[in-house]
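**Student:** What follows is the file upload.cif, containing mmCIF, C-alpha atoms:
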```
data_data
loop_
_atom_site.label_atom_id
_atom_site.label_comp_id
_atom_site.auth_asym_id
_atom_site.auth_seq_id
_atom_site.Cartn_x
_atom_site.Cartn_y
_atom_site.Cartn_z
CA MET A 1 120.27 118.45 101.82
CA ALA A 2 117.87 116.35 103.92
CA LYS A 3 120.39 115.18 106.53
CA ASN A 4 118.03 113.21 108.77
CA GLU A 5 116.31 111.44 105.86
CA LEU A 6 119.68 110.67 104.27
CA ALA A 7 120.94 109.21 107.56
CA ARG A 8 117.85 107.00 107.92
CA PHE A 9 118.11 105.81 104.33
CA LEU A 10 121.79 104.86 104.71
CA ARG A 11 121.10 102.97 107.95
CA ASP A 12 118.14 101.14 106.44
CA ARG A 13 120.02 100.00 103.36
CA ARG A 14 123.11 99.02 105.38
CA GLU A 15 121.05 96.89 107.74
CA ARG A 16 119.44 95.02 104.84
CA LEU A 17 122.76 93.75 103.51
CA ARG A 18 124.75 90.71 104.57
CA PRO A 19 128.55 90.37 104.30
CA GLY A 20 128.21 87.89 101.45
CA ASP A 21 126.24 90.47 99.43
CA VAL A 22 129.38 92.60 99.11
CA GLY A 23 131.95 89.82 98.92
CA LEU A 24 132.93 89.79 102.62
CA PRO A 25 133.24 86.70 104.82
CA ALA A 26 130.40 86.18 107.28
CA GLY A 27 132.74 86.07 110.29
CA ASP A 28 131.47 85.77 113.84
CA ARG A 29 127.85 85.99 114.94
CA ARG A 30 126.62 89.58 114.75
CA ARG A 31 124.73 91.43 117.44
CA THR A 32 123.08 93.81 114.95
CA PRO A 33 121.52 93.15 111.54
CA GLY A 34 123.28 93.91 108.29
CA LEU A 35 126.75 95.24 107.61
CA ARG A 36 128.85 97.14 110.10
CA ARG A 37 129.54 100.80 109.41
CA GLU A 38 133.24 100.16 108.97
CA GLU A 39 132.46 97.49 106.36
CA VAL A 40 130.38 99.91 104.30
CA ALA A 41 133.10 102.55 104.59
CA ASP A 42 135.74 100.04 103.48
CA VAL A 43 133.76 98.85 100.46
CA ALA A 44 132.94 102.46 99.52
CA GLY A 45 136.57 103.57 99.91
CA MET A 46 135.98 106.30 102.50
CA SER A 47 136.94 106.90 106.12
CA VAL A 48 134.85 105.26 108.81
CA ASP A 49 134.53 108.57 110.65
CA TYR A 50 133.06 110.30 107.58
CA TYR A 51 130.52 107.51 106.99
CA VAL A 52 129.52 107.48 110.68
CA ARG A 53 128.89 111.24 110.56
CA LEU A 54 126.63 110.78 107.53
CA GLU A 55 124.59 108.14 109.38
CA GLN A 56 124.35 110.44 112.39
CA ALA A 57 123.17 113.39 110.24
CA ARG A 58 126.31 115.34 111.17
CA GLY A 59 128.27 115.16 107.93
CA PRO A 60 128.72 117.78 105.21
CA ARG A 61 127.03 117.45 101.83
CA PRO A 62 128.66 114.43 100.14
CA SER A 63 130.15 114.85 96.69
CA PRO A 64 128.80 112.99 93.62
CA ARG A 65 131.86 110.70 93.79
CA ILE A 66 131.11 109.78 97.42
CA LEU A 67 127.45 109.17 96.63
CA GLU A 68 128.35 106.99 93.68
CA SER A 69 130.68 104.96 95.92
CA LEU A 70 127.95 104.58 98.55
CA ALA A 71 125.40 103.50 95.94
CA GLY A 72 127.78 100.77 94.81
CA ALA A 73 128.71 99.68 98.34
CA LEU A 74 125.06 99.45 99.41
CA ARG A 75 124.08 97.68 96.17
CA LEU A 76 121.39 100.23 95.35
CA VAL A 77 119.16 99.69 92.34
CA PRO A 78 118.78 102.68 89.96
CA ALA A 79 115.66 104.05 91.68
CA GLU A 80 117.37 103.89 95.09
CA ARG A 81 120.50 105.49 93.66
CA ALA A 82 118.46 108.40 92.31
CA HIS A 83 116.74 108.74 95.71
CA LEU A 84 120.12 108.84 97.47
CA PHE A 85 121.25 111.74 95.27
CA ARG A 86 117.96 113.59 95.85
CA LEU A 87 118.30 113.30 99.62
CA ALA A 88 121.83 114.71 99.39
CA GLY A 89 120.64 117.57 97.17
CA VAL A 90 123.07 116.59 94.42
CA ALA A 91 122.33 116.10 90.72
CA PRO A 92 122.87 112.42 89.91
CA VAL A 93 125.76 111.46 87.68
CA PRO A 94 124.35 109.72 84.58
CA PRO A 95 125.15 106.01 84.29
CA ALA A 96 128.09 105.23 82.03
CA ALA A 97 126.02 103.04 79.70
CA PRO A 98 122.49 101.67 79.30
CA SER A 99 121.66 98.56 81.29
CA ARG A 100 121.65 95.27 79.40
CA GLU A 101 120.64 93.16 82.42
CA VAL A 102 117.06 91.88 82.25
CA ARG A 103 115.31 91.57 85.60
CA PRO A 104 113.99 88.07 86.38
CA TYR A 105 110.35 89.19 86.55
CA VAL A 106 110.71 90.82 83.11
CA ALA A 107 112.36 87.71 81.67
CA ALA A 108 109.49 85.62 83.02
CA LEU A 109 106.97 87.71 81.07
CA LEU A 110 108.48 86.49 77.82
CA HIS A 111 107.20 82.96 78.44
CA ARG A 112 103.89 83.60 80.20
CA LEU A 113 102.04 84.62 77.03
CA PRO A 114 102.64 81.77 74.58
CA GLU A 115 100.81 83.32 71.61
CA THR A 116 102.48 86.72 72.05
CA ALA A 117 105.82 87.60 70.52
CA VAL A 118 107.85 89.53 73.10
CA VAL A 119 111.21 91.31 72.97
CA VAL A 120 113.08 93.42 75.53
CA THR A 121 115.06 96.34 74.14
CA ALA A 122 117.80 98.40 75.80
CA ALA A 123 118.00 102.18 75.36
CA THR A 124 120.30 101.59 72.38
CA TYR A 125 117.53 99.58 70.66
CA ASP A 126 119.46 96.36 71.05
CA VAL A 127 117.14 93.40 71.59
CA ILE A 128 118.54 91.87 74.79
CA ALA A 129 115.90 89.19 75.41
CA TRP A 130 113.15 87.55 73.36
CA ASN A 131 110.93 84.50 73.19
CA PRO A 132 110.83 81.89 70.39
CA LEU A 133 107.74 83.40 68.76
CA ALA A 134 109.49 86.78 68.45
CA GLU A 135 112.44 85.14 66.74
CA ALA A 136 110.08 83.31 64.37
CA LEU A 137 108.67 86.69 63.33
CA LEU A 138 111.83 88.83 63.38
CA GLY A 139 114.49 86.38 62.25
CA ASP A 140 117.91 85.78 63.76
CA LEU A 141 118.05 88.25 66.65
CA ARG A 142 121.50 87.08 67.70
CA ALA A 143 123.00 88.05 64.35
CA GLN A 144 120.97 91.26 63.93
CA PRO A 145 119.93 92.42 67.42
CA ASN A 146 119.70 96.19 66.89
CA LEU A 147 116.30 97.40 65.66
CA ALA A 148 117.60 100.85 64.65
CA ARG A 149 120.25 99.27 62.40
CA ARG A 150 117.56 97.06 60.88
CA ARG A 151 115.31 100.06 60.30
CA PHE A 152 117.82 102.49 58.78
CA LEU A 153 120.58 100.31 57.34
CA ALA A 154 118.92 97.02 56.34
CA ARG A 155 115.96 98.69 54.62
CA GLU A 156 113.49 96.53 56.52
CA GLU A 157 110.81 99.17 56.09
CA MET A 158 110.08 97.61 52.69
CA PHE A 159 108.52 94.69 54.56
CA THR A 160 106.47 96.60 57.16
CA THR A 161 103.88 99.34 57.20
CA GLY A 162 104.25 102.21 59.64
CA HIS A 163 108.00 102.42 59.02
CA ALA A 164 108.03 106.25 58.90
CA ASP A 165 106.45 106.50 62.33
CA PHE A 166 108.82 103.91 63.74
CA GLY A 167 111.77 105.79 62.27
CA ALA A 168 110.81 108.94 64.18
CA TYR A 169 110.18 106.93 67.34
CA ALA A 170 113.57 105.20 67.07
CA VAL A 171 115.42 108.49 66.58
CA ALA A 172 113.58 110.09 69.52
CA ARG A 173 114.59 107.23 71.79
CA LEU A 174 118.20 107.27 70.61
CA ARG A 175 118.43 111.06 71.10
CA ALA A 176 117.19 110.62 74.66
CA ALA A 177 119.74 107.85 75.20
CA ALA A 178 122.54 110.08 73.90
CA ASP A 179 121.57 112.72 76.47
CA ARG A 180 121.47 110.19 79.31
CA TYR A 181 124.65 108.28 78.44
CA PRO A 182 127.11 110.80 76.97
CA ARG A 183 130.08 108.64 78.00
CA ASP A 184 128.94 105.39 76.34
CA ALA A 185 131.34 104.65 73.47
CA GLY A 186 129.11 101.90 72.08
CA LEU A 187 126.16 104.25 71.73
CA ALA A 188 128.34 106.93 70.14
CA ALA A 189 129.61 104.39 67.61
CA LEU A 190 126.05 103.28 66.79
CA LEU A 191 124.93 106.87 66.17
CA ALA A 192 127.96 107.55 63.96
CA GLU A 193 127.21 104.41 61.95
CA LEU A 194 123.57 105.39 61.48
CA ARG A 195 124.48 108.93 60.41
CA ALA A 196 127.06 107.67 57.92
CA GLY A 197 124.83 104.98 56.48
CA SER A 198 121.43 106.69 56.36
CA ALA A 199 120.66 110.20 55.16
CA GLU A 200 117.11 109.64 56.43
CA PHE A 201 118.41 109.07 59.95
CA GLY A 202 120.25 112.41 59.88
CA GLU A 203 117.21 114.22 58.52
CA ILE A 204 114.94 112.85 61.24
CA TRP A 205 117.57 113.57 63.92
CA ALA A 206 117.67 117.22 62.83
CA THR A 207 113.93 117.58 63.52
CA ASN A 208 114.49 116.60 67.19
CA PRO A 209 111.44 114.30 67.33
CA VAL A 210 109.69 113.52 70.61
CA ARG A 211 107.64 110.34 70.90
CA ALA A 212 106.09 108.45 73.79
CA PRO A 213 105.67 104.67 73.86
CA GLY A 214 102.16 103.49 73.14
CA HIS A 215 99.97 101.30 70.98
CA ARG A 216 100.80 100.82 67.31
CA THR A 217 99.57 98.53 64.56
CA LYS A 218 101.58 97.34 61.59
CA THR A 219 101.48 94.84 58.77
CA MET A 220 104.62 92.74 58.43
CA THR A 221 105.22 90.86 55.19
CA HIS A 222 107.02 87.74 56.36
CA PRO A 223 109.00 85.84 53.69
CA ASP A 224 107.48 82.50 54.74
CA LEU A 225 104.25 83.43 56.51
CA GLY A 226 102.97 86.19 54.27
CA PRO A 227 101.29 89.38 55.59
CA LEU A 228 100.77 89.53 59.36
CA HIS A 229 98.62 92.22 60.97
CA LEU A 230 100.13 92.88 64.40
CA ASN A 231 99.39 95.04 67.43
CA CYS A 232 102.48 96.40 69.18
CA ASP A 233 102.21 97.48 72.82
CA ILE A 234 105.07 98.65 75.03
CA LEU A 235 105.72 98.21 78.74
CA THR A 236 108.49 100.48 80.03
CA VAL A 237 110.98 99.44 82.74
CA PRO A 238 112.07 102.90 83.92
CA ASP A 239 114.70 101.77 86.44
CA ASP A 240 116.67 100.05 83.67
CA ASP A 241 115.69 102.34 80.77
CA GLN A 242 114.30 99.33 78.90
CA GLN A 243 111.14 98.55 76.98
CA VAL A 244 109.20 95.30 76.66
CA VAL A 245 107.43 95.08 73.29
CA PHE A 246 104.41 92.77 72.96
CA MET A 247 103.30 91.76 69.46
CA THR A 248 99.81 90.27 69.31
CA ALA A 249 97.00 89.67 66.82
CA ASP A 250 93.29 90.38 67.08
CA PRO A 251 91.41 87.20 68.12
CA GLY A 252 89.93 85.11 65.33
CA THR A 253 92.04 86.67 62.56
CA PRO A 254 94.31 84.77 60.15
CA THR A 255 97.30 86.31 61.93
CA ALA A 256 96.06 85.01 65.30
CA ARG A 257 95.79 81.53 63.81
CA THR A 258 99.31 81.83 62.44
CA LEU A 259 100.69 82.87 65.84
CA HIS A 260 98.83 79.98 67.49
CA ARG A 261 100.31 77.53 64.99
CA LEU A 262 103.83 78.91 65.49
CA SER A 263 103.58 78.85 69.28
CA ALA A 264 102.37 75.25 69.18
CA GLY A 265 105.62 74.24 67.54
#
```
Please re-express this file's structure in structure tokens.
**Tutor:**
Amino acid sequence: MAKNELARFLRDRRERLRPGDVGLPAGDRRRTPGLRREEVADVAGMSVDYYVRLEQARGPRPSPRILESLAGALRLVPAERAHLFRLAGVAPVPPAAPSREVRPYVAALLHRLPETAVVVTAATYDVIAWNPLAEALLGDLRAQPNLARRRFLAREEMFTTGHADFGAYAVARLRAAADRYPRDAGLAALLAELRAGSAEFGEIWATNPVRAPGHRTKTMTHPDLGPLHLNCDILTVPDDDQQVVFMTADPGTPTARTLHRLSAG
């Protein structure tokens, strides 16, 4: 346990917060920046004395429950939460479920590249954000948001090349999600549905595939637009366990002209 570093980290994050950040009234003018120690202790549900000893590098090793409470009280993002656990020398408790919140800078990416179809997927392979061009290519994403269901239960591989590789990639990502979020009932239900509805899913799962995100190409046969030759590139958002998928076409190709026409309205 790195007591001094933990103490500095707690003080720094406490001093960055304002009462309104944690639902407290602003009250009188404050002599010091940020929250008071007793306010953090109250929000975290612990004694003031115990929290003070942590900030003074005099406390015992905090339990995972205490660290989780502190992470919530100090409004830590996932990377900061993991750092807090490392400083305390405690293995972090996995989040209960994958994040479905899209950060503003990620959401902005969807509209900065008008001739690129972009989707954001959670660890469960639910599409949680997209731009109009992506919906023009992929159909109604509100009604059918989960790409793994589309792949294994809707038989969409008949309309795209590279479906075998994507199947292995999807299973690898879902296996990793199952390890990270063992308490997520929604993910467990999705996996049970895929196993029951697709023998192929079970067969690939049994091989324990490992895949890393990267560049892929595929040909999609669109019911209205015909064959589209697309490049797929992935940007990972590690703090939220999300992926941003960019679908583009090589310049000057018929597919590029189709994407230009779609993006123009």
**Student:** Specify as JSON, numbers by chain each residue included when the PyMOL selection byres ((chain A and resi 208-223) around 7) is applied to this file.
**Tutor:** {"A": [159, 160, 161, 162, 168, 169, 172, 205, 206, 207, 224, 225, 226, 227, 228, 229, 230, 231, 232, 233, 234]}
**Student:** Residue by residue, what does the PyMOL selection byres ((chain A and resi 44-53) around 9) grab here? Present the result as a PyMOL selection string.
**Tutor:** chain A and resi 7+37-43+54-60+66+68-74
**Student:** Give as a list in words the residues that the PyMOL selection byres ((chain A and resi 237) around 12) matches when applied to the coordinates above.
**Tutor:**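 When the PyMOL selection byres ((chain A and resi 237) around 12) is applied to the shown file, the picked residues are Pro78, Ala79, Ser99, Arg100, Glu101, Val102, Arg103, Tyr105, Val106, Ala107, Val120, Thr121, Ala122, Ala123, Pro213, Ile234, Leu235, Thr236, Pro238, Asp239, Asp240, Asp241, Gln242, Gln243, Val244 and Val245 of chain A.
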**Student:** I'd like to know which of A:Val127, A:Thr116, A:Ala164, A:Ala192 is closest to A:Ala256, using all atoms listed in the file.
**Tutor:**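 Ranked by minimum distance to A:Ala256, first place goes to A:Thr116.
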**Student:** Using all atoms listed in the file, can you tell me which of A:Leu138, A:Ala108, A:Ala177, A:Ala188 comes closest to A:Pro95?
**Tutor:**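 Smallest separation from A:Pro95 among the options: A:Ala177.
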**Student:** Measure the distance from atom CA of A:Ser263 to atom CA of A:Asn146 in Å and round it to one decimal.
**Tutor:**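 Straight-line distance from atom CA of A:Ser263 to atom CA of A:Asn146 works out to 23.8 Å.
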**Student:** Which residue, A:Pro94, A:Arg150, A:Leu10, A:Ser198, has the smallest gap to A:Asp179 when you use all atoms listed in the file?
**Tutor:**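 Using all atoms listed in the file, the shortest distance to A:Asp179 belongs to A:Pro94.
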**Student:** Can you measure atom CA of A:Phe85 to atom CA of A:Ser63 for me? One decimal in Å is fine.
**Tutor:**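 Calculated distance between atom CA of A:Phe85 and atom CA of A:Ser63 is 9.5 Å.
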**Student:** How many Å lie between atom CA of A:Arg13 and atom CA of A:Ala97, rounded to one decimal?
**Tutor:** 24.6 Å
**Student:** Select, from A:Arg11, A:Arg18, A:Phe152, A:Leu110, the residue with the minimum atom-to-atom distance to A:Glu135, counting all atoms listed in the file.
**Tutor:**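 Using all atoms listed in the file, A:Glu135 sits closest to A:Leu110.
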**Student:** Of the candidates A:Leu6, A:Leu113, A:Ala134, A:Leu35, which one gets nearest to A:Gly20 if we count all atoms listed in the file?
**Tutor:**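 Once distances to A:Gly20 are computed over all atoms listed in the file, the minimum belongs to A:Leu35.
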**Student:** Which is closer to A:Leu133 than all the others in A:Val118, A:Ala88, A:Leu153, A:Leu191, using only C-alpha atoms?
**Tutor:**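 Residue with the minimum atom-to-atom distance to A:Leu133: A:Val118.
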**Student:** Considering only C-alpha atoms, return as a ChimeraX atom specification whatever protein or nucleic-acid residues lie within 12 Å of A:Ala91, sequence-local ones (same chain, fewer than 4 positions apart) excluded.
**Tutor:** /A:1,62-65,67-68,81-87
